[in-house]
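Accompanying notes for the structure given below.
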Amino acid sequence: MGAGVAGLRAAVELAGHGKVLVVTKEAVAESNTHYAQGGIAVAMEGERDVALHLEDTLNAGDGLVYRKAAEVLVEEGPVRVRELMEWGAQFDREEGRLLRTREGAHSLPRILHANGDATGAEISRSLVAFARAHEGITFAEWTTVTGLVTADGRVAAVDLLDREGQNRQVSARAVLIAAGGAGQVYSDTTNPAVATGDGIALAAKAGAALADMEFYQFHPTALSLASAPRFLLSEALRGEGAYLRNDRRERFMERYHPQLELAPRDVVARAITREGMGAHPGESRVVYLDMRHVKGVNLRQRFPGISAVLDRYGLALERDLIPVRPAAHYLMGGVRTDLDGRTTVRGLHAAGEAACTGVHGANRLASNSLLEGLVFGARAAKAILDEGPAPVAVNQAQIADDEPDFAPDAALEQRLEATITRLQQGMWAYAGLLREEATLREGVRVQEACAADVAELRSEAGMSRRMAEAEALCAVARAILDSAQARTESRGAHYRNDYPQRDDARFQKHSVRTSDGRVTFEAW
Ligand code: SIN
């Protein structure tokens with residue numbers, strides 16, 4: 001489930017060992033992977049380089065990175081990236097040498113990029129082409145997974161809904177959730193519309209434990225214009241020297257962190273939020289990204305995608321202050337897995353942003369996510385192969401007709417959209433960058449009202465892609481709220497106004513949320 005870097009990398013590994021069906025809600029290229037700009041962090045210069053990458057990953061994660069997972073990431077990363085290059089991915093080079101940039105909390109430039117600021121698109125292009133060349137891989141595009149079917153305690157099939165409204169059930173020896181994150185749970189996000197947390201919600205419904213759901217990473221610099229979506233302005237801009245300035249034009253990061261604009265992402269995002277708060281509740285001040293002083297870099301050539309979008313709004317990196325604000329970007333938590341993608345439910349595996357191995361701790365190091373998809377996608381597939389055939393015989397593809405098809409009704413669709421918007425705004429207001437008990441309780445109140453509306457709408461209208469997304473968003477929102485309430489400390493991306501300190505004695509642990517909604521803490 002999912003055609004981003006983790007899903008495709010797994011599919012390639014599995015091809016030739018059985019039938020592989022890659023299910024994706026839209027066209028195959030439409031994934032969070034496709035929109036990744038900055039690059040892929042990888043240490044290709046030997047042991048010392050790998051050790052530094054590990055150290056930076058551990059430091060950025062604010063005391064919560066599962067060290068074994070991070071070791072796997074940085075040690076296996078170089079092999080996976082070289083392999084990807086052999087399969088056709090082209091990273092930017094100068095005179096044959098790979099170019100590397102720097103982003104927040106990296107101690108040195110180690111980030112490979114492609115076509116300037118279109119790294120995800122190049123990785124997606126090369127993996128899609130490579131996967132399409134394998135006969136054993138079939139793509140089900142424009143298809144939504146609406147349910148996981150369990151038999152004898154293991155996942156044995158998936159319910160699918162295509163864009164013509166046809167349901168079918170497909171049996172599966174193993175199901176891999178690689179459907180990415182859930183940025184759409186917040187009103188302000190850099191993620192595309194498909195990022196609604198469907199895989200995470202389905203896994204939880206099937207009984208899988210989730211972990212670290214309170215840690216949602218807010219990218220510090222999304223474009224902040226009333227007329228524009230929250231378009232990502234890559235951290236690589238700061239890697240190439242951009243400053244952050246407040247509305248008095250002060251370079252404010254010196255008040256927040258010695259690494260200034262290249263501090264860990266959670267620190268920069270909170271600093272921008274604080275600088276952007278007016279003197280009164282609800283008032284806001286503009287914060288800017290400033291590259292006007294950067295010399296010796298052709299900004300249009302280095303950042304062609306970003307420059308083209310800014311052009312549409314009459315802005316240019318080399319000439320203008322660019323208004324920015326944080327937006328939901330990446331979920332550090334997800335379906336709890338071991339280092340080989342196994343969830344707590346047999347037959348169900350997860351990798352990439354949808355999964356939580358603990359590799360990012362409380363705050364992901366910039367540009368570690370594409371690497372995570374490659375490394376853990378490959379490992380999950382190998383584990384599936386090692387497990388051999390499923391012991392349970394399940395029915396082959398059959399039509400599931402126990403649910404009425406969605407009856408399109410403009411009024412119901414509008415109500416569904418309004419409910420989703422209410423949930424997204426509630427999550428932004430009450431479970432965003434700065435939270436506290438009172439706001440989280442208010443968030444739960446909004447979530448419960450939205451979940452009740454969605455249930456009512458489903459009983460009236462039946463299942464549809466949007467209904468499945470609404471259910472997923474409600475489930476993911478609840479997991480975030482429950483986990484954020486349980487963690488009464490501040491760490492990484494989870495900042496509580498009422499508990500502003502990190503509390504290692506009680507909370508240097510991962511939160512685990514079981515499907516009954518209970519949250520406990522475990523040291524990994
Ligand atoms: C960016 O280009 O700033 C995003 C990279 C990432 O999410 O790690």
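Residue numbering restarts at 1 for every chain of the structure tokens, chains are lettered A, B, ... in their displayed order, and ligands are numbered from 1 as they appear.
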
- Cut-off 8 Å, only C-alpha atoms and all ligand atoms, neighbours of ligand 1 as a ChimeraX atom specification: /A:36-40,103,117,219,221,232-237,329-330,364-370

Identify, on the basis of only C-alpha atoms, every residue whose closest approach to A:His293 does not exceed 9 Å; exclude the query and any residue fewer than 4 positions from it along the same chain; express the result as a JSON list (two decimals) with all heavy atoms, in the first residue's frame.
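The resulting part-v2.json:
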```
[["chain", "number", "residue", "atom", "x", "y", "z"],
["A", 241, "GLY", "N", 22.76, 29.27, 2.82],
["A", 241, "GLY", "CA", 23.07, 30.56, 3.45],
["A", 241, "GLY", "C", 21.90, 31.46, 3.79],
["A", 241, "GLY", "O", 22.13, 32.59, 4.25],
["A", 242, "ALA", "N", 20.65, 31.02, 3.59],
["A", 242, "ALA", "CA", 19.52, 31.92, 3.88],
["A", 242, "ALA", "C", 19.46, 32.27, 5.37],
["A", 242, "ALA", "O", 19.76, 31.44, 6.22],
["A", 242, "ALA", "CB", 18.21, 31.26, 3.45],
["A", 243, "TYR", "N", 19.06, 33.51, 5.65],
["A", 243, "TYR", "CA", 18.82, 33.95, 7.03],
["A", 243, "TYR", "C", 17.32, 33.95, 7.30],
["A", 243, "TYR", "O", 16.51, 34.03, 6.36],
["A", 243, "TYR", "CB", 19.30, 35.40, 7.24],
["A", 243, "TYR", "CG", 20.79, 35.61, 7.10],
["A", 243, "TYR", "CD1", 21.27, 36.88, 6.74],
["A", 243, "TYR", "CD2", 21.71, 34.60, 7.36],
["A", 243, "TYR", "CE1", 22.64, 37.12, 6.62],
["A", 243, "TYR", "CE2", 23.07, 34.83, 7.25],
["A", 243, "TYR", "CZ", 23.53, 36.08, 6.87],
["A", 243, "TYR", "OH", 24.87, 36.32, 6.75],
["A", 318, "GLU", "N", 16.56, 36.01, -5.03],
["A", 318, "GLU", "CA", 17.71, 36.92, -5.06],
["A", 318, "GLU", "C", 17.32, 38.38, -4.77],
["A", 318, "GLU", "O", 18.16, 39.21, -4.48],
["A", 318, "GLU", "CB", 18.47, 36.82, -6.39],
["A", 318, "GLU", "CG", 17.68, 36.99, -7.66],
["A", 318, "GLU", "CD", 16.86, 35.76, -8.08],
["A", 318, "GLU", "OE1", 17.03, 34.69, -7.47],
["A", 318, "GLU", "OE2", 16.03, 35.90, -8.99]]
```

- Message: Which residue is closest to A:Ala355? Choose from A:Arg97, A:Ala182, A:Val149, A:Ala228 and count only C-alpha atoms.
- Response: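 Counting only C-alpha atoms, the residue closest to A:Ala355 is A:Ala182.
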
- Message: Taking the DSSP secondary structure from the backbone, can you list the residues of stretch 329-474 of chain A that are helix (DSSP H, G or I), as number ranges by chain?
- Response: A: 352-354, 369-387, 410-430, 437-461, 465-474

At most 10 Å is the cut-off: for each residue in stretch 296-386 of chain A with any atom that close to an atom of stretch 502-520 of chain A, write down the nearest atom pair and the distance in Å rounded to one decimal, counting only C-alpha atoms, chain first then increasing number, as a Markdown table.
```
| residue | atom | partner | partner_atom | distance |
| --- | --- | --- | --- | --- |
| A:Gly333 | CA | A:Ser511 | CA | 9.0 |
| A:Gly334 | CA | A:Val512 | CA | 9.8 |
| A:Val335 | CA | A:Arg513 | CA | 9.5 |
| A:Arg336 | CA | A:Val512 | CA | 7.8 |
| A:Thr344 | CA | A:Thr514 | CA | 9.8 |
| A:Cys356 | CA | A:His510 | CA | 9.9 |
| A:Gly358 | CA | A:His510 | CA | 7.7 |
| A:Gly361 | CA | A:His510 | CA | 8.2 |
| A:Ala362 | CA | A:His510 | CA | 9.1 |
```

Output of the above residues as a short mmCIF file (atom, residue, chain, number, x, y, z; two decimals), in the first residue's frame, restricted to N, CA and C atoms:
```cif
data_model
loop_
_atom_site.label_atom_id
_atom_site.label_comp_id
_atom_site.auth_asym_id
_atom_site.auth_seq_id
_atom_site.Cartn_x
_atom_site.Cartn_y
_atom_site.Cartn_z
N GLY A 333 6.26 9.39 14.34
CA GLY A 333 5.59 8.18 14.81
C GLY A 333 4.96 7.42 13.66
N GLY A 334 4.17 6.41 14.01
CA GLY A 334 3.51 5.61 12.98
C GLY A 334 3.22 4.23 13.50
N VAL A 335 3.10 3.28 12.58
CA VAL A 335 2.82 1.90 12.97
C VAL A 335 4.10 1.34 13.59
N ARG A 336 4.00 0.86 14.80
CA ARG A 336 5.20 0.36 15.48
C ARG A 336 5.74 -0.86 14.73
N THR A 344 2.87 -5.41 15.05
CA THR A 344 2.44 -6.34 16.11
C THR A 344 1.33 -7.28 15.63
N CYS A 356 6.98 3.34 12.49
CA CYS A 356 7.83 3.93 13.52
C CYS A 356 8.78 2.86 14.03
N GLY A 358 11.52 4.09 15.51
CA GLY A 358 12.23 4.88 16.51
C GLY A 358 13.48 5.53 15.93
N GLY A 361 13.52 9.32 16.56
CA GLY A 361 13.29 9.84 17.91
C GLY A 361 12.21 10.90 17.90
N ALA A 362 12.49 12.02 18.57
CA ALA A 362 11.47 13.05 18.72
C ALA A 362 11.55 14.11 17.63
#
```

- Item | Long-range neighbours of A:Glu26 as a VMD selection string, 9 Å cut-off, only C-alpha atoms, 4 positions minimum in chain | chain A and resid 30 to 31 141 to 144 194

I need the chosen residues saved as a PDB file, in the first residue's frame, with all heavy atoms.
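Result saved to part-v9.pdb:
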```pdb
ATOM      1  N   GLU A  30       2.233  10.174  -7.508  1.00  0.00           N
ATOM      2  CA  GLU A  30       1.697  11.131  -6.532  1.00  0.00           C
ATOM      3  C   GLU A  30       1.912  10.619  -5.113  1.00  0.00           C
ATOM      4  O   GLU A  30       1.091   9.894  -4.550  1.00  0.00           O
ATOM      5  CB  GLU A  30       0.209  11.376  -6.809  1.00  0.00           C
ATOM      6  CG  GLU A  30      -0.423  12.464  -5.954  1.00  0.00           C
ATOM      7  CD  GLU A  30       0.125  13.855  -6.217  1.00  0.00           C
ATOM      8  OE1 GLU A  30       0.903  14.025  -7.179  1.00  0.00           O
ATOM      9  OE2 GLU A  30      -0.211  14.765  -5.449  1.00  0.00           O
ATOM     10  N   SER A  31       3.022  10.995  -4.536  1.00  0.00           N
ATOM     11  CA  SER A  31       3.321  10.558  -3.169  1.00  0.00           C
ATOM     12  C   SER A  31       4.098  11.669  -2.488  1.00  0.00           C
ATOM     13  O   SER A  31       4.579  12.600  -3.144  1.00  0.00           O
ATOM     14  CB  SER A  31       4.195   9.299  -3.221  1.00  0.00           C
ATOM     15  OG  SER A  31       5.408   9.621  -3.887  1.00  0.00           O
ATOM     16  N   GLU A 141      -3.512   1.738  -9.712  1.00  0.00           N
ATOM     17  CA  GLU A 141      -3.544   3.186  -9.467  1.00  0.00           C
ATOM     18  C   GLU A 141      -4.979   3.623  -9.207  1.00  0.00           C
ATOM     19  O   GLU A 141      -5.924   2.920  -9.538  1.00  0.00           O
ATOM     20  CB  GLU A 141      -2.946   3.924 -10.669  1.00  0.00           C
ATOM     21  CG  GLU A 141      -1.460   3.627 -10.827  1.00  0.00           C
ATOM     22  CD  GLU A 141      -0.844   4.281 -12.052  1.00  0.00           C
ATOM     23  OE1 GLU A 141      -0.369   5.408 -11.946  1.00  0.00           O
ATOM     24  OE2 GLU A 141      -0.844   3.635 -13.117  1.00  0.00           O
ATOM     25  N   TRP A 142      -5.151   4.801  -8.648  1.00  0.00           N
ATOM     26  CA  TRP A 142      -6.484   5.362  -8.366  1.00  0.00           C
ATOM     27  C   TRP A 142      -7.324   4.361  -7.579  1.00  0.00           C
ATOM     28  O   TRP A 142      -8.511   4.204  -7.810  1.00  0.00           O
ATOM     29  CB  TRP A 142      -7.188   5.786  -9.663  1.00  0.00           C
ATOM     30  CG  TRP A 142      -6.406   6.839 -10.388  1.00  0.00           C
ATOM     31  CD1 TRP A 142      -5.534   6.646 -11.421  1.00  0.00           C
ATOM     32  CD2 TRP A 142      -6.371   8.234 -10.090  1.00  0.00           C
ATOM     33  NE1 TRP A 142      -4.965   7.840 -11.800  1.00  0.00           N
ATOM     34  CE2 TRP A 142      -5.460   8.831 -10.996  1.00  0.00           C
ATOM     35  CE3 TRP A 142      -7.011   9.051  -9.156  1.00  0.00           C
ATOM     36  CZ2 TRP A 142      -5.172  10.196 -10.998  1.00  0.00           C
ATOM     37  CZ3 TRP A 142      -6.738  10.413  -9.152  1.00  0.00           C
ATOM     38  CH2 TRP A 142      -5.824  10.967 -10.072  1.00  0.00           C
ATOM     39  N   THR A 143      -6.677   3.664  -6.668  1.00  0.00           N
ATOM     40  CA  THR A 143      -7.357   2.629  -5.885  1.00  0.00           C
ATOM     41  C   THR A 143      -7.098   2.864  -4.398  1.00  0.00           C
ATOM     42  O   THR A 143      -5.947   3.061  -3.992  1.00  0.00           O
ATOM     43  CB  THR A 143      -6.838   1.233  -6.312  1.00  0.00           C
ATOM     44  OG1 THR A 143      -7.112   1.072  -7.709  1.00  0.00           O
ATOM     45  CG2 THR A 143      -7.500   0.122  -5.528  1.00  0.00           C
ATOM     46  N   THR A 144      -8.161   2.846  -3.633  1.00  0.00           N
ATOM     47  CA  THR A 144      -8.054   3.103  -2.196  1.00  0.00           C
ATOM     48  C   THR A 144      -8.183   1.785  -1.434  1.00  0.00           C
ATOM     49  O   THR A 144      -9.053   0.974  -1.766  1.00  0.00           O
ATOM     50  CB  THR A 144      -9.215   4.041  -1.758  1.00  0.00           C
ATOM     51  OG1 THR A 144      -9.119   5.237  -2.536  1.00  0.00           O
ATOM     52  CG2 THR A 144      -9.159   4.387  -0.284  1.00  0.00           C
ATOM     53  N   VAL A 194      -2.954  13.556  -0.818  1.00  0.00           N
ATOM     54  CA  VAL A 194      -3.051  12.108  -0.569  1.00  0.00           C
ATOM     55  C   VAL A 194      -2.550  11.700   0.823  1.00  0.00           C
ATOM     56  O   VAL A 194      -2.801  10.566   1.254  1.00  0.00           O
ATOM     57  CB  VAL A 194      -2.252  11.290  -1.626  1.00  0.00           C
ATOM     58  CG1 VAL A 194      -2.936  11.368  -2.977  1.00  0.00           C
ATOM     59  CG2 VAL A 194      -0.799  11.738  -1.709  1.00  0.00           C
TER      60      VAL A 194
END
```

- Rank A:Val267, A:Ala60, A:Ala201, A:Val446 by their smallest atom-to-atom distance to A:Leu473, using only C-alpha atoms, and report the top residue only.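 Checking each candidate against A:Leu473, we get A:Ala201 as the closest.
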
- Hey, what's within 7 Å of stretch 372-387 of chain A if we count only C-alpha atoms and toss same-chain stuff fewer than 3 positions away? As a VMD selection string, please? chain A and resid 5 to 7 9 to 10 13 to 14 73 76 to 77 80 174 340 to 341 349 351 to 352 368 to 369

Would you export the selected residues with N, CA and C atoms as a PDB file, in the first residue's frame, please?
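Wrote selection-v5.pdb, looks like this:
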```
ATOM      1  N   VAL A   5       8.846   6.031  -1.930  1.00  0.00           N
ATOM      2  CA  VAL A   5      10.147   5.364  -1.962  1.00  0.00           C
ATOM      3  C   VAL A   5      10.131   4.029  -1.211  1.00  0.00           C
ATOM      4  N   ALA A   6       9.470   3.954  -0.056  1.00  0.00           N
ATOM      5  CA  ALA A   6       9.486   2.702   0.730  1.00  0.00           C
ATOM      6  C   ALA A   6       8.719   1.602   0.004  1.00  0.00           C
ATOM      7  N   GLY A   7       7.533   1.926  -0.504  1.00  0.00           N
ATOM      8  CA  GLY A   7       6.705   0.926  -1.167  1.00  0.00           C
ATOM      9  C   GLY A   7       7.364   0.405  -2.435  1.00  0.00           C
ATOM     10  N   ARG A   9      10.582   0.546  -3.267  1.00  0.00           N
ATOM     11  CA  ARG A   9      11.831  -0.188  -2.993  1.00  0.00           C
ATOM     12  C   ARG A   9      11.507  -1.611  -2.532  1.00  0.00           C
ATOM     13  N   ALA A  10      10.454  -1.734  -1.730  1.00  0.00           N
ATOM     14  CA  ALA A  10      10.042  -3.065  -1.279  1.00  0.00           C
ATOM     15  C   ALA A  10       9.544  -3.884  -2.464  1.00  0.00           C
ATOM     16  N   GLU A  13      12.254  -5.446  -4.438  1.00  0.00           N
ATOM     17  CA  GLU A  13      12.880  -6.568  -3.718  1.00  0.00           C
ATOM     18  C   GLU A  13      12.018  -7.828  -3.817  1.00  0.00           C
ATOM     19  N   LEU A  14      10.694  -7.613  -3.775  1.00  0.00           N
ATOM     20  CA  LEU A  14       9.766  -8.755  -3.763  1.00  0.00           C
ATOM     21  C   LEU A  14       9.545  -9.338  -5.156  1.00  0.00           C
ATOM     22  N   LEU A  73      20.173   2.568   9.598  1.00  0.00           N
ATOM     23  CA  LEU A  73      19.935   3.610   8.586  1.00  0.00           C
ATOM     24  C   LEU A  73      21.241   4.122   7.980  1.00  0.00           C
ATOM     25  N   GLU A  76      23.474   1.032   6.298  1.00  0.00           N
ATOM     26  CA  GLU A  76      22.961   0.423   5.064  1.00  0.00           C
ATOM     27  C   GLU A  76      22.636   1.470   3.996  1.00  0.00           C
ATOM     28  N   GLY A  77      22.546   2.726   4.431  1.00  0.00           N
ATOM     29  CA  GLY A  77      22.181   3.800   3.507  1.00  0.00           C
ATOM     30  C   GLY A  77      23.065   3.881   2.264  1.00  0.00           C
ATOM     31  N   ARG A  80      22.285   1.242  -0.353  1.00  0.00           N
ATOM     32  CA  ARG A  80      20.977   1.461  -0.990  1.00  0.00           C
ATOM     33  C   ARG A  80      21.042   2.624  -1.986  1.00  0.00           C
ATOM     34  N   ALA A 174       1.228 -11.273   2.338  1.00  0.00           N
ATOM     35  CA  ALA A 174       1.673 -10.255   3.285  1.00  0.00           C
ATOM     36  C   ALA A 174       1.212  -8.899   2.773  1.00  0.00           C
ATOM     37  N   ASP A 340      12.788  -4.826  10.911  1.00  0.00           N
ATOM     38  CA  ASP A 340      12.488  -5.474   9.636  1.00  0.00           C
ATOM     39  C   ASP A 340      11.045  -5.264   9.217  1.00  0.00           C
ATOM     40  N   GLY A 341      10.436  -4.215   9.718  1.00  0.00           N
ATOM     41  CA  GLY A 341       9.098  -3.844   9.248  1.00  0.00           C
ATOM     42  C   GLY A 341       7.959  -4.660   9.810  1.00  0.00           C
ATOM     43  N   HIS A 349       2.991  -5.585   7.683  1.00  0.00           N
ATOM     44  CA  HIS A 349       4.319  -4.975   7.763  1.00  0.00           C
ATOM     45  C   HIS A 349       4.184  -3.483   7.452  1.00  0.00           C
ATOM     46  N   ALA A 351       6.647   0.258   6.511  1.00  0.00           N
ATOM     47  CA  ALA A 351       7.969   0.869   6.275  1.00  0.00           C
ATOM     48  C   ALA A 351       7.790   2.309   5.820  1.00  0.00           C
ATOM     49  N   GLY A 352       8.857   3.091   6.004  1.00  0.00           N
ATOM     50  CA  GLY A 352       8.831   4.495   5.583  1.00  0.00           C
ATOM     51  C   GLY A 352       8.101   5.349   6.606  1.00  0.00           C
ATOM     52  N   ASN A 368      16.728  12.729   6.141  1.00  0.00           N
ATOM     53  CA  ASN A 368      16.874  11.307   6.486  1.00  0.00           C
ATOM     54  C   ASN A 368      15.668  10.484   6.029  1.00  0.00           C
ATOM     55  N   SER A 369      14.614  11.143   5.538  1.00  0.00           N
ATOM     56  CA  SER A 369      13.386  10.370   5.291  1.00  0.00           C
ATOM     57  C   SER A 369      13.448   9.551   4.007  1.00  0.00           C
TER      58      SER A 369
END
```

For the interface of stretch 138-215 of chain A with stretch 404-425 of chain A (cut-off 12 Å, counting only C-alpha atoms), please tabulate each contacting residue of stretch 138-215 of chain A alongside its nearest pair of atoms and their separation in Å to one decimal, rows sorted by chain and increasing number, as a tab-separated table.
```
residue	atom	partner	partner_atom	distance
A:Leu161	CA	A:Asp405	CA	9.6
A:Asp162	CA	A:Asp405	CA	11.1
A:Arg163	CA	A:Phe406	CA	10.9
A:Glu164	CA	A:Asp405	CA	10.0
A:Gly165	CA	A:Asp405	CA	6.5
A:Gln166	CA	A:Asp405	CA	7.8
A:Asn167	CA	A:Asp405	CA	8.2
A:Arg168	CA	A:Asp405	CA	11.8
A:Ala182	CA	A:Gln424	CA	10.9
A:Gly183	CA	A:Gln424	CA	9.5
A:Gln184	CA	A:Gln424	CA	7.1
A:Val185	CA	A:Gln424	CA	5.2
A:Tyr186	CA	A:Gln424	CA	4.4
A:Ser187	CA	A:Gln424	CA	4.5
A:Asp188	CA	A:Gln424	CA	8.1
A:Thr189	CA	A:Gln424	CA	9.9
A:Thr196	CA	A:Ile420	CA	10.7
```
